[in-house]
Amino acid sequence: MNRFHIMSVVLHVLIFVAVFISSRAHFKPIPQLEVYKVSIAPLPQPRVIAPEEIPEQKEEVIQEEIQEEKAPPKKEEKKLEPAKKPVEEKAKEVVKRGLPDIKPKIYTGSGRGFTYSYYLNILLNKISKNWHNPFRDQNIILKAIVYFEVDKNGNIYSIRIEEDSGNNIYDETAMRAIVVTKSLPPLPDEFADDYLKVHLEFLTAQ
Amino acid sequence: MNIFMIFLESSIAAQIIMIILLIFSVWSWGIFLKKMFELGGVKRRTKRFMSNYNFHKDTKEWGNFGFQLTDNPYGRVLASGLDEYKKLKVKVSARLMNQQDHKKERGFINELADNVRMAMERTKIEEISQLEKSLPTLSTFVSVSPFLGLLGTVWGIMEAFLEIRARGSAHITIVAPGISDALITTVYGLLVAIPALIFYNMFRSRVNGYASELDKFINEIYANLRKELLTLSQ
């Protein structure tokens, strides 16, 4: 190492010191801010109806499930009609309690339970974002059920109105909410079936 | 966050690359300072020699330049030419002593005069290679430094992706260290290569300038010494 390399080392040290000092001069400490701890409220869970509450209706739902696997959809509509009034009353109560106005009934392809609540949260969240309820602030009670299927990749298909509300505009908005959503996250890997059947209730009540 | 923190928080691979680049940088700046000093001295001494030479165009006075014949490339080239000329002069004088018709010896003298040119050419090559010393090293730094920086970049990006794979998440806290390593080594590589490239081109053009100037000088000296040798045959 000759004197020129020593000079070069000195030059580098000087440059480093200059850069170090200038970076310290420009450094401003981050002010100490107060930290507020917040806990995010969980997304609405699918409503579970206790058997003591409405024993008759639960049986109906089970029947509906079995019928869906075998019978054509037209017959289902006929069977659902008598249960319409009590459901509307219930919907009114639900909204009064402050619960969400979209709730799913989930069936798997094989008829087994779907226990992935986080997935249902995502499903409800996405669809409710896309639903623009035209009767939100009006004193009208409406209920529509939209049926659709979700495949393994989260693609939505077979969308149809399963139970109409009697108001075409309302049914259209409910259907549109699903159509616009297009796709959901892929179904959980642990979920064994190829697709998921969803019967989504759209309720409006003041 | 300062440069030392960036260095300390980098991965081992990035640290090794940065240390190598630092060594390259120190080395290339050392070469720069050395060559500046050398070429500055050569320029100063050459200027002094050339002013002296321009006032003394007579070949007989050239031998009296003293130390100026040894302290610069032009002087050394002239000295080698003069040495060869003196040897030839003795040889030609001896031959002419034995010959009655001196004009017949002109062809022989012309052939021998080429030895003067060759002696000066030899010295010129030695001088140029002396001036070019360390330039190949500088050239190596110019070409290797960006590649080393690039290696650090690729390594950093690779580490970032490996982290994503290992943790199953592409969160910024996982990706950022690898990417910052990647970018910092490229910056260092360029910081070494750009000055080294400037120094290399600067010195290369100066050495090329000296080479062409020396060629011109050799031609001039050769023409004068050849004329002197030929006058012996008259």
# chains A, B, ... in the order shown; residues from 1 in each chain; ligands from 1
call {"tool": "closest_atom_pairs", "arguments": {"of": "chain A", "to": "chain B", "cutoff": "12 Å", "atoms": "only C-alpha atoms", "output": "tab-separated table"}}
result
residue	atom	partner	partner_atom	distance
A:Met1	CA	B:Gly30	CA	9.3
A:Asn2	CA	B:Gly30	CA	8.5
A:Arg3	CA	B:Gly30	CA	8.4
A:Phe4	CA	B:Gly30	CA	4.9
A:His5	CA	B:Gly30	CA	4.2
A:Ile6	CA	B:Gly30	CA	7.5
A:Met7	CA	B:Gly30	CA	7.0
A:Ser8	CA	B:Gly30	CA	5.0
A:Val9	CA	B:Val26	CA	5.8
A:Val10	CA	B:Val26	CA	9.2
A:Leu11	CA	B:Val26	CA	8.5
A:His12	CA	B:Val26	CA	7.0
A:Val13	CA	B:Val26	CA	10.0
A:Ile15	CA	B:Ile3	CA	11.3
A:Phe16	CA	B:Ile3	CA	8.2
A:Val17	CA	B:Ile3	CA	10.1
A:Ala18	CA	B:Ile3	CA	11.0
A:Val19	CA	B:Ile3	CA	7.8
A:Phe20	CA	B:Asn2	CA	6.4
A:Ile21	CA	B:Asn2	CA	9.2
A:Ser22	CA	B:Asn2	CA	9.2
A:Ser23	CA	B:Asn2	CA	5.9
A:Arg24	CA	B:Asn2	CA	7.4
A:Ala25	CA	B:Asn2	CA	10.7
A:His26	CA	B:Asn2	CA	10.1
A:Phe27	CA	B:Met1	CA	7.9
A:Lys28	CA	B:Met1	CA	10.4
A:Pro29	CA	B:Met1	CA	10.8
call {"tool": "residues_around", "arguments": {"residues": "Leu131 of chain B", "least_positions_apart": "5", "cutoff": "9 Å", "atoms": "only C-alpha atoms", "output": "compact mmCIF listing (two decimals) with C-alpha atoms, in the first residue's frame"}}
result
# COMPACT_ATOMS: atom_id res chain seq x y z
CA LYS B 35 -1.83 8.74 -11.72
CA GLU B 38 2.54 10.91 -11.98
CA LEU B 39 0.96 12.46 -15.07
CA GLU B 126 8.55 1.36 -22.34
CA PHE B 203 -5.97 8.87 -18.11
CA VAL B 207 -1.68 8.47 -22.42
call {"tool": "residues_around", "arguments": {"residues": "Leu190 of chain B", "least_positions_apart": "2", "cutoff": "8 Å", "atoms": "only C-alpha atoms", "output": "list in words"}}
result
Ser145, Pro146, Gly149, Thr186, Val187, Tyr188, Val192, Ala193 and Ile194 of chain B
call {"tool": "residues_around", "arguments": {"residues": "Phe217 of chain B", "least_positions_apart": "3", "cutoff": "9 Å", "atoms": "only C-alpha atoms", "output": "MDAnalysis selection string"}}
result
chainID B and resid 74 77:78 212:214 220:222
call {"tool": "atom_distance", "arguments": {"atom1": "atom CA of Ser169 of chain B", "atom2": "atom CA of Asp189 of chain A"}}
result
17.2 Å
call {"tool": "select_by_dssp", "arguments": {"residues": "segment 114-150 of chain A", "states": "alpha helix (DSSP H)", "output": "ChimeraX atom specification"}}
result
/A:117-130
call {"tool": "write_last_selection", "arguments": {"atoms": "C-alpha atoms", "output": "PDB file, in the first residue's frame"}}
result
ATOM      1  CA  SER A 117     -67.325 -18.361  10.123  1.00  0.00           C
ATOM      2  CA  TYR A 118     -64.451 -16.195   8.876  1.00  0.00           C
ATOM      3  CA  TYR A 119     -65.409 -17.119   5.319  1.00  0.00           C
ATOM      4  CA  LEU A 120     -69.022 -16.195   5.963  1.00  0.00           C
ATOM      5  CA  ASN A 121     -67.860 -12.856   7.362  1.00  0.00           C
ATOM      6  CA  ILE A 122     -65.968 -12.142   4.150  1.00  0.00           C
ATOM      7  CA  LEU A 123     -68.946 -13.255   2.073  1.00  0.00           C
ATOM      8  CA  LEU A 124     -71.376 -11.026   3.958  1.00  0.00           C
ATOM      9  CA  ASN A 125     -68.980  -8.110   3.979  1.00  0.00           C
ATOM     10  CA  LYS A 126     -68.353  -8.220   0.239  1.00  0.00           C
ATOM     11  CA  ILE A 127     -71.981  -8.616  -0.716  1.00  0.00           C
ATOM     12  CA  SER A 128     -73.280  -5.996   1.717  1.00  0.00           C
ATOM     13  CA  LYS A 129     -70.794  -3.501   0.262  1.00  0.00           C
ATOM     14  CA  ASN A 130     -72.305  -4.069  -3.164  1.00  0.00           C
TER      15      ASN A 130
END
